[in-house]
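Contents: one structure, followed by commentary.
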Protein chains: 2
Amino acid sequence: MQKKAVVGIDIGGTNTVYGIVDQKGNYFAEGKIKTRDYANFNDFIEELTIQIRNSISKFNSDASVIGIGVGVPNGNYYNGTVEFAPNLPWKGVISVTKEIKARIGLPVIITNDANAAALGEMIYGAAKKMKDFIVITLGTGLGSGIVVNGKMVYGHDGFAGEIGHTIIFPDGRLCGCGRKGCLETYCSARGLTETYLQNLVESSADISAIDAKYIYERAKQGEQAAISAFNQTGDILGLALANTVAYTSPEAIFLFGGLANAGDLIFIPTRKSFEKNLLNIYKGKVKILPSGLKEGNSAVLGAASLIWNEHL
Amino acid sequence: MQKKAVVGIDIGGTNTVYGIVDQKGNYFAEGKIKTRDYANFNDFIEELTIQIRNSISKFNSDASVIGIGVGVPNGNYYNGTVEFAPNLPWKGVISVTKEIKARIGLPVIITNDANAAALGEMIYGAAKKMKDFIVITLGTGLGSGIVVNGKMVYGHDGFAGEIGHTIIFPDGRLCGCGRKGCLETYCSARGLTETYLQNLVESSADISAIDAKYIYERAKQGEQAAISAFNQTGDILGLALANTVAYTSPEAIFLFGGLANAGDLIFIPTRKSFEKNLLNIYKGKVKILPSGLKEGNSAVLGAASLIWNEHL
């Protein structure tokens with residue numbers, strides 16, 4: 001029997017990368033185009049699908065490609081669209097799956113990048129045997145993908161899993177969404193940076209150069225303001241995740257992305273606050289774990305998982 | 001073909017009621033025993049099952065009973081147990097389904113009362129055509145049952161759906177669970193009463209006689225402290241429900257139980273705060289609705305729905 005392969009596409013604000021992969025995560029081909037170079041969506045999708053068709057034709061005899069999965073901010077599983085994505089060059093509602101399908105003729109499934117990360121964790125990562133878990137992506141913002149009973153939670157409109165936009169402090173920090181006190185204004189690279197700047201009494205640093213990476217380096221060097229910023233972020237994240245457990249009672253919550261790579265600096269205060277704030281019946285039962293996926297190809301594998309998930 | 005029937009049992013702190021019902025909610029038989037009269041669980045279950053067996057034998061030729069559903073505080077779907085229920089006479093972990101099955105010989109399914117209410121809404125109530133919805137029970141505390149893609153969310157341990165124990169104000173009111181600021185300390189009959197007492201500058205009322213019903217009557221008479229208590233409760237509930245949408249993105253949220261019967265007094269401020277606090281992508285899409293079940297028999301119908309839900 002011929003081997004099966006899947007195309008995984010990760011559309012980001014800067015770059016769009018794709019890979020053609022098997023069920024174990026081996027790559028048959030990969031490629032990349034610059035999202036920002038295409039002000040017009042049709043030009044973008046034309047170029048992307050030409051490259052993918054070329055990649056497919058080159059190894060066609062080794063495996064048959066059974067579908068295309070797409071991870072993209074504001075991707076809607078039900079409609080096959082990207083809807084009002086603030087960080088992409090194309091405005092309004094874009095029919096992504098329809099346009100790809102018209103050019104490649106394979107089944108196409110789309111979802112947002114955090115949901116793709118959760119599916120990737122289930123197919124390729126550390127959640128392989130889990131049926132109830134949550135992936136939290138800690139990047140510039142905070143994304144989340146919720147899996148219940150082995151199935152991705154999309155909700156009635158395809159937009160479930162926006163834990164980053166639960167209001168954790170009414171009248172708290174102003175969020176990009178226009179409201180105040182959203183979790184992601186505290187627990188994200190941006191949130192960490194704001195907390196750190198508040199902690200700094202005085203500094204000779206160039207403020208515009210301060211980002212999560214800088215704060216990580218300072219914390220590693222023992223700077224109190226930086227260590228405190230991680231602790232404060234973990235305190236709030238642990239509380240929010242304890243609340244999260246009261247919704248779907250997952251077996252584990254995975255932290256993924258830039259901020260999660262800070263390791264103990266973020267995991268220790270998060271776990272401490274999490275256990276402290278958990279309702280009694282959940283205490284000691286729910287793990288907070290690092291992702292089992294490698295940062296480099298996780299987005300492509302997550303997107304590919306959209307197809308594997310429907311075939312397994 | 002013989003008609004099918006199901007036994008629904010609602011075990012409460014004061015009374016345990018049961019009904020034998022068909023799929024449309026028609027009763028073949030019903031009965032009741034006083035939970036509080038049985039300090040010993042075995043005596044309780046012996047008496048209850050004798051009564052149910054008698055009820056079944058009386059109409060046996062009209063319909064065949066296919067199973068028994070049980071709604072009970074702290075009921076665990078997976079284990080068939082009641083675990084550490086603070087308001088029941090029996091302590092520790094009680095094997096409810098096993099004991100009933102041993103005496104009646106039919107399939108038995110158990111869950112907590114809020115989950116049973118959600119299933120009841122789906123089988124008999126206003127959520128018949130919905131796949132994603134949430135039921136909030138506003139009684140002495142705040143319970144919740146979450147349905148995703150047509151299935152009850154039980155979580156990895158059977159205890160999902162404790163929205164009443166999400167911490168809405170860190171360092172807020174002391175909760176019965178031992179933590180502070182849980183949603184149910186504000187949005188429940190008890191929470192409303194505490195808010196009302198805080199609003200009262202002076203009063204000739206007997207404070208020990210003040211309960212949710214009293215506050216409802218005062219609000220109906222136009223008393224500002226009472227109306228404000230409902231508004232404050234709705235403000236907080238609306239915010240919490242807006243956060244809830246960011247998890248599972250339901251089509252509707254049903255309010256059920258004592259406090260929900262206050263009608264506009266609670267629904268108007270809740271809906272107002274809900275829409276105000278919703279993330280943009282959800283605005284105008286999610287309904288807050290009263291339950292479609294009648295208060296009197298809803299708990300029994302909800303329990304019965306546990307069986308119908310597995311047979312439909």
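By order of appearance in the structure tokens: chains A, B, ..., then residues from 1 within every chain, and ligands from 1 in the order shown.
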
Nearby residues (only C-alpha atoms) at most 8 Å from region 41-48 of chain B, same-chain spacing under 3 positions excluded, as a PDB file with all heavy atoms, in the first residue's frame:
ATOM      1  N   ILE B  33     -38.912   9.797  48.790  1.00  0.00           N
ATOM      2  CA  ILE B  33     -38.576   9.474  50.187  1.00  0.00           C
ATOM      3  C   ILE B  33     -37.707  10.595  50.753  1.00  0.00           C
ATOM      4  O   ILE B  33     -37.105  11.367  50.000  1.00  0.00           O
ATOM      5  CB  ILE B  33     -37.873   8.097  50.353  1.00  0.00           C
ATOM      6  CG1 ILE B  33     -36.440   8.113  49.804  1.00  0.00           C
ATOM      7  CG2 ILE B  33     -38.673   6.965  49.713  1.00  0.00           C
ATOM      8  CD1 ILE B  33     -35.671   6.822  50.102  1.00  0.00           C
ATOM      9  N   THR B  35     -34.561  11.998  52.146  1.00  0.00           N
ATOM     10  CA  THR B  35     -33.142  11.675  52.225  1.00  0.00           C
ATOM     11  C   THR B  35     -32.634  11.778  53.666  1.00  0.00           C
ATOM     12  O   THR B  35     -31.886  10.924  54.148  1.00  0.00           O
ATOM     13  CB  THR B  35     -32.324  12.644  51.337  1.00  0.00           C
ATOM     14  OG1 THR B  35     -32.990  12.813  50.089  1.00  0.00           O
ATOM     15  CG2 THR B  35     -30.915  12.123  51.113  1.00  0.00           C
ATOM     16  N   TYR B  38     -32.418   9.002  56.482  1.00  0.00           N
ATOM     17  CA  TYR B  38     -31.564   7.813  56.368  1.00  0.00           C
ATOM     18  C   TYR B  38     -30.100   8.150  56.615  1.00  0.00           C
ATOM     19  O   TYR B  38     -29.385   8.545  55.700  1.00  0.00           O
ATOM     20  CB  TYR B  38     -31.721   7.178  54.990  1.00  0.00           C
ATOM     21  CG  TYR B  38     -33.140   6.728  54.732  1.00  0.00           C
ATOM     22  CD1 TYR B  38     -34.085   7.613  54.213  1.00  0.00           C
ATOM     23  CD2 TYR B  38     -33.545   5.436  55.058  1.00  0.00           C
ATOM     24  CE1 TYR B  38     -35.398   7.215  54.003  1.00  0.00           C
ATOM     25  CE2 TYR B  38     -34.852   5.025  54.850  1.00  0.00           C
ATOM     26  CZ  TYR B  38     -35.777   5.921  54.328  1.00  0.00           C
ATOM     27  OH  TYR B  38     -37.067   5.521  54.131  1.00  0.00           O
ATOM     28  N   GLN B  51     -39.349   0.797  46.627  1.00  0.00           N
ATOM     29  CA  GLN B  51     -40.422   1.640  46.075  1.00  0.00           C
ATOM     30  C   GLN B  51     -40.391   1.649  44.547  1.00  0.00           C
ATOM     31  O   GLN B  51     -41.420   1.562  43.890  1.00  0.00           O
ATOM     32  CB  GLN B  51     -40.303   3.068  46.607  1.00  0.00           C
ATOM     33  CG  GLN B  51     -40.710   3.201  48.056  1.00  0.00           C
ATOM     34  CD  GLN B  51     -41.169   4.637  48.382  1.00  0.00           C
ATOM     35  OE1 GLN B  51     -41.569   5.378  47.502  1.00  0.00           O
ATOM     36  NE2 GLN B  51     -41.112   4.993  49.646  1.00  0.00           N
ATOM     37  N   ILE B  52     -39.191   1.772  43.980  1.00  0.00           N
ATOM     38  CA  ILE B  52     -39.086   1.842  42.518  1.00  0.00           C
ATOM     39  C   ILE B  52     -39.511   0.502  41.905  1.00  0.00           C
ATOM     40  O   ILE B  52     -40.237   0.477  40.904  1.00  0.00           O
ATOM     41  CB  ILE B  52     -37.657   2.238  42.095  1.00  0.00           C
ATOM     42  CG1 ILE B  52     -37.372   3.695  42.495  1.00  0.00           C
ATOM     43  CG2 ILE B  52     -37.466   2.065  40.584  1.00  0.00           C
ATOM     44  CD1 ILE B  52     -35.949   4.151  42.255  1.00  0.00           C
ATOM     45  N   TRP B  90     -24.408  11.056  53.855  1.00  0.00           N
ATOM     46  CA  TRP B  90     -23.418   9.971  53.796  1.00  0.00           C
ATOM     47  C   TRP B  90     -22.058  10.516  53.397  1.00  0.00           C
ATOM     48  O   TRP B  90     -21.927  11.221  52.401  1.00  0.00           O
ATOM     49  CB  TRP B  90     -23.887   8.902  52.816  1.00  0.00           C
ATOM     50  CG  TRP B  90     -25.366   8.754  52.898  1.00  0.00           C
ATOM     51  CD1 TRP B  90     -26.101   8.364  53.980  1.00  0.00           C
ATOM     52  CD2 TRP B  90     -26.313   9.085  51.864  1.00  0.00           C
ATOM     53  NE1 TRP B  90     -27.438   8.411  53.696  1.00  0.00           N
ATOM     54  CE2 TRP B  90     -27.589   8.846  52.405  1.00  0.00           C
ATOM     55  CE3 TRP B  90     -26.206   9.546  50.554  1.00  0.00           C
ATOM     56  CZ2 TRP B  90     -28.755   9.066  51.663  1.00  0.00           C
ATOM     57  CZ3 TRP B  90     -27.357   9.763  49.818  1.00  0.00           C
ATOM     58  CH2 TRP B  90     -28.604   9.525  50.375  1.00  0.00           C
ATOM     59  N   GLU B  99     -24.952  -0.167  43.801  1.00  0.00           N
ATOM     60  CA  GLU B  99     -25.973  -0.594  44.777  1.00  0.00           C
ATOM     61  C   GLU B  99     -27.370  -0.629  44.161  1.00  0.00           C
ATOM     62  O   GLU B  99     -28.184  -1.499  44.495  1.00  0.00           O
ATOM     63  CB  GLU B  99     -25.949   0.333  46.005  1.00  0.00           C
ATOM     64  CG  GLU B  99     -24.651   0.271  46.814  1.00  0.00           C
ATOM     65  CD  GLU B  99     -24.346  -1.123  47.369  1.00  0.00           C
ATOM     66  OE1 GLU B  99     -25.299  -1.881  47.639  1.00  0.00           O
ATOM     67  OE2 GLU B  99     -23.149  -1.464  47.510  1.00  0.00           O
ATOM     68  N   ILE B 100     -27.652   0.313  43.274  1.00  0.00           N
ATOM     69  CA  ILE B 100     -28.972   0.303  42.630  1.00  0.00           C
ATOM     70  C   ILE B 100     -29.063  -0.872  41.662  1.00  0.00           C
ATOM     71  O   ILE B 100     -30.058  -1.598  41.616  1.00  0.00           O
ATOM     72  CB  ILE B 100     -29.239   1.636  41.896  1.00  0.00           C
ATOM     73  CG1 ILE B 100     -29.316   2.792  42.908  1.00  0.00           C
ATOM     74  CG2 ILE B 100     -30.538   1.560  41.084  1.00  0.00           C
ATOM     75  CD1 ILE B 100     -29.504   4.164  42.284  1.00  0.00           C
ATOM     76  N   ARG B 103     -29.788  -4.200  43.036  1.00  0.00           N
ATOM     77  CA  ARG B 103     -31.161  -4.399  43.529  1.00  0.00           C
ATOM     78  C   ARG B 103     -32.211  -4.357  42.425  1.00  0.00           C
ATOM     79  O   ARG B 103     -33.320  -4.862  42.593  1.00  0.00           O
ATOM     80  CB  ARG B 103     -31.475  -3.337  44.590  1.00  0.00           C
ATOM     81  CG  ARG B 103     -30.745  -3.577  45.905  1.00  0.00           C
ATOM     82  CD  ARG B 103     -30.853  -2.373  46.824  1.00  0.00           C
ATOM     83  NE  ARG B 103     -30.280  -2.648  48.132  1.00  0.00           N
ATOM     84  CZ  ARG B 103     -28.995  -2.520  48.435  1.00  0.00           C
ATOM     85  NH1 ARG B 103     -28.135  -2.133  47.498  1.00  0.00           N
ATOM     86  NH2 ARG B 103     -28.559  -2.774  49.656  1.00  0.00           N
TER      87      ARG B 103
END

Interface, chain A side, toward chain B (9 Å; only C-alpha atoms) as an mmCIF file with C-alpha atoms, in the first residue's frame:
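Written out: part09.cif:
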data_model
loop_
_atom_site.group_PDB
_atom_site.id
_atom_site.type_symbol
_atom_site.label_atom_id
_atom_site.label_comp_id
_atom_site.auth_asym_id
_atom_site.auth_seq_id
_atom_site.Cartn_x
_atom_site.Cartn_y
_atom_site.Cartn_z
ATOM 1 C CA MET A 130 -4.828 11.931 26.225
ATOM 2 C CA LYS A 131 -8.493 12.611 25.535
ATOM 3 C CA ASP A 132 -8.938 15.759 27.622
ATOM 4 C CA PHE A 133 -6.243 18.400 27.518
ATOM 5 C CA SER A 144 -5.551 28.218 23.423
ATOM 6 C CA ILE A 146 -9.204 22.820 24.013
ATOM 7 C CA VAL A 148 -12.556 17.290 25.084
ATOM 8 C CA ASN A 149 -13.065 13.550 24.855
ATOM 9 C CA VAL A 153 -13.686 22.079 20.729
ATOM 10 C CA TYR A 154 -14.725 24.477 17.952
ATOM 11 C CA GLY A 155 -17.942 25.748 19.516
ATOM 12 C CA HIS A 156 -21.118 26.652 17.665
ATOM 13 C CA ASP A 157 -19.381 29.293 15.523
ATOM 14 C CA GLY A 158 -15.887 27.800 15.112
ATOM 15 C CA PHE A 159 -14.298 30.319 17.500
ATOM 16 C CA ALA A 160 -14.111 28.413 20.808
ATOM 17 C CA GLY A 161 -10.910 28.516 22.870
ATOM 18 C CA GLU A 162 -10.108 32.200 23.330
ATOM 19 C CA ILE A 163 -8.869 31.843 26.906
ATOM 20 C CA GLY A 164 -6.453 34.730 26.307
ATOM 21 C CA HIS A 165 -9.518 36.946 26.127
ATOM 22 C CA THR A 166 -11.154 35.941 29.374
ATOM 23 C CA ILE A 167 -11.264 38.973 31.646
ATOM 24 C CA ILE A 168 -9.126 38.167 34.666
ATOM 25 C CA PHE A 169 -9.038 41.648 36.224
ATOM 26 C CA PRO A 170 -12.071 43.822 35.447
ATOM 27 C CA CYS A 177 -9.368 43.603 21.598
ATOM 28 C CA GLY A 178 -10.579 46.915 23.029
ATOM 29 C CA ARG A 179 -11.609 45.561 26.442
ATOM 30 C CA LEU A 239 -4.951 31.316 38.724
ATOM 31 C CA ALA A 240 -6.373 31.489 35.206
ATOM 32 C CA ALA A 242 -7.067 26.783 37.820
ATOM 33 C CA ASN A 243 -10.260 28.482 36.613
ATOM 34 C CA THR A 244 -9.842 26.749 33.262
ATOM 35 C CA VAL A 245 -9.863 23.325 34.922
ATOM 36 C CA ALA A 246 -13.306 24.081 36.351
ATOM 37 C CA TYR A 247 -14.672 24.196 32.788
ATOM 38 C CA THR A 248 -13.443 21.036 31.047
ATOM 39 C CA SER A 249 -11.374 19.241 33.742
ATOM 40 C CA PRO A 250 -8.415 18.299 31.524
ATOM 41 C CA GLU A 251 -5.772 15.719 32.369
ATOM 42 C CA ASN A 277 -5.960 28.142 43.367
ATOM 43 C CA LEU A 278 -7.398 24.777 42.265
ATOM 44 C CA LEU A 279 -10.719 23.647 43.659
ATOM 45 C CA ASN A 280 -10.161 20.772 46.132
ATOM 46 C CA ILE A 281 -11.578 18.014 43.927
ATOM 47 C CA TYR A 282 -8.981 18.790 41.205
ATOM 48 C CA LYS A 285 -4.740 15.585 39.427
#

TODO: Would you mind listing what lies within 9 Å of Leu88 (chain A) as an MDAnalysis selection string, with only C-alpha atoms counted and same-chain residues fewer than 2 positions away left out?
DONE: chainID A and resid 11:14 35:36 73 84:86 90:91

Just the selected residues (all heavy atoms), exported as a compact mmCIF listing (two decimals), in the first residue's frame, please.
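Now in again-v3.txt:
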# COMPACT_ATOMS: atom_id res chain seq x y z
N ILE A 11 0.14 29.73 8.15
CA ILE A 11 0.13 31.11 7.64
C ILE A 11 0.34 32.06 8.81
O ILE A 11 -0.50 32.14 9.72
CB ILE A 11 -1.21 31.43 6.93
CG1 ILE A 11 -1.45 30.44 5.77
CG2 ILE A 11 -1.21 32.87 6.42
CD1 ILE A 11 -2.77 30.65 5.03
N GLY A 12 1.45 32.75 8.83
CA GLY A 12 1.74 33.72 9.87
C GLY A 12 1.78 35.13 9.30
O GLY A 12 1.77 35.31 8.08
N GLY A 13 1.85 36.12 10.16
CA GLY A 13 1.87 37.51 9.72
C GLY A 13 3.10 37.83 8.88
O GLY A 13 3.02 38.63 7.95
N THR A 14 4.23 37.19 9.16
CA THR A 14 5.46 37.47 8.43
C THR A 14 5.69 36.43 7.34
O THR A 14 5.82 36.78 6.16
CB THR A 14 6.66 37.48 9.41
OG1 THR A 14 6.34 38.36 10.51
CG2 THR A 14 7.92 37.97 8.72
N THR A 35 4.57 36.12 3.70
CA THR A 35 3.19 36.59 3.72
C THR A 35 3.11 38.09 3.44
O THR A 35 2.26 38.55 2.67
CB THR A 35 2.56 36.32 5.12
OG1 THR A 35 2.93 35.02 5.56
CG2 THR A 35 1.06 36.45 5.07
N ARG A 36 4.00 38.83 4.03
CA ARG A 36 3.95 40.30 3.96
C ARG A 36 4.15 40.84 2.55
O ARG A 36 3.82 42.00 2.27
CB ARG A 36 5.03 40.91 4.86
CG ARG A 36 4.69 40.89 6.31
CD ARG A 36 5.31 42.07 7.05
NE ARG A 36 5.31 41.82 8.49
CZ ARG A 36 4.21 41.94 9.24
NH1 ARG A 36 3.07 42.31 8.71
NH2 ARG A 36 4.28 41.68 10.54
N PRO A 73 -4.04 32.52 12.11
CA PRO A 73 -4.79 33.30 13.10
C PRO A 73 -6.21 33.59 12.60
O PRO A 73 -6.41 33.90 11.42
CB PRO A 73 -3.98 34.60 13.20
CG PRO A 73 -2.61 34.27 12.73
CD PRO A 73 -2.80 33.18 11.70
N PHE A 84 -11.27 38.56 9.73
CA PHE A 84 -10.81 39.78 10.41
C PHE A 84 -9.55 39.56 11.23
O PHE A 84 -9.50 39.87 12.42
CB PHE A 84 -11.92 40.34 11.30
CG PHE A 84 -13.24 40.51 10.59
CD1 PHE A 84 -14.26 39.59 10.76
CD2 PHE A 84 -13.43 41.57 9.72
CE1 PHE A 84 -15.47 39.73 10.09
CE2 PHE A 84 -14.63 41.72 9.05
CZ PHE A 84 -15.65 40.81 9.24
N ALA A 85 -8.52 38.99 10.60
CA ALA A 85 -7.27 38.73 11.31
C ALA A 85 -6.44 40.01 11.38
O ALA A 85 -6.03 40.53 10.34
CB ALA A 85 -6.49 37.63 10.61
N PRO A 86 -6.21 40.54 12.58
CA PRO A 86 -5.55 41.84 12.69
C PRO A 86 -4.11 41.84 12.18
O PRO A 86 -3.63 42.88 11.72
CB PRO A 86 -5.62 42.18 14.18
CG PRO A 86 -5.92 40.89 14.87
CD PRO A 86 -6.62 40.02 13.89
N TRP A 90 -4.60 40.85 4.71
CA TRP A 90 -5.88 40.84 3.99
C TRP A 90 -7.03 41.07 4.95
O TRP A 90 -7.17 40.39 5.95
CB TRP A 90 -6.05 39.50 3.26
CG TRP A 90 -4.73 39.03 2.74
CD1 TRP A 90 -3.93 39.66 1.82
CD2 TRP A 90 -4.01 37.87 3.18
NE1 TRP A 90 -2.78 38.96 1.66
CE2 TRP A 90 -2.80 37.85 2.46
CE3 TRP A 90 -4.29 36.84 4.07
CZ2 TRP A 90 -1.86 36.84 2.64
CZ3 TRP A 90 -3.37 35.84 4.25
CH2 TRP A 90 -2.17 35.84 3.54
N LYS A 91 -7.89 42.00 4.59
CA LYS A 91 -8.95 42.41 5.51
C LYS A 91 -10.24 41.63 5.28
O LYS A 91 -10.43 41.02 4.23
CB LYS A 91 -9.21 43.92 5.36
CG LYS A 91 -7.96 44.76 5.67
CD LYS A 91 -7.36 44.44 7.06
CE LYS A 91 -5.89 44.82 7.19
NZ LYS A 91 -5.18 43.99 8.19

Open item on the list: Rounded to one decimal, what separation in Å do you get between CA of Tyr216 (chain B) and CA of Lys34 (chain B)?
Closed with: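 Result for CA of Tyr216 (chain B) versus CA of Lys34 (chain B): 28.6 Å, one decimal.
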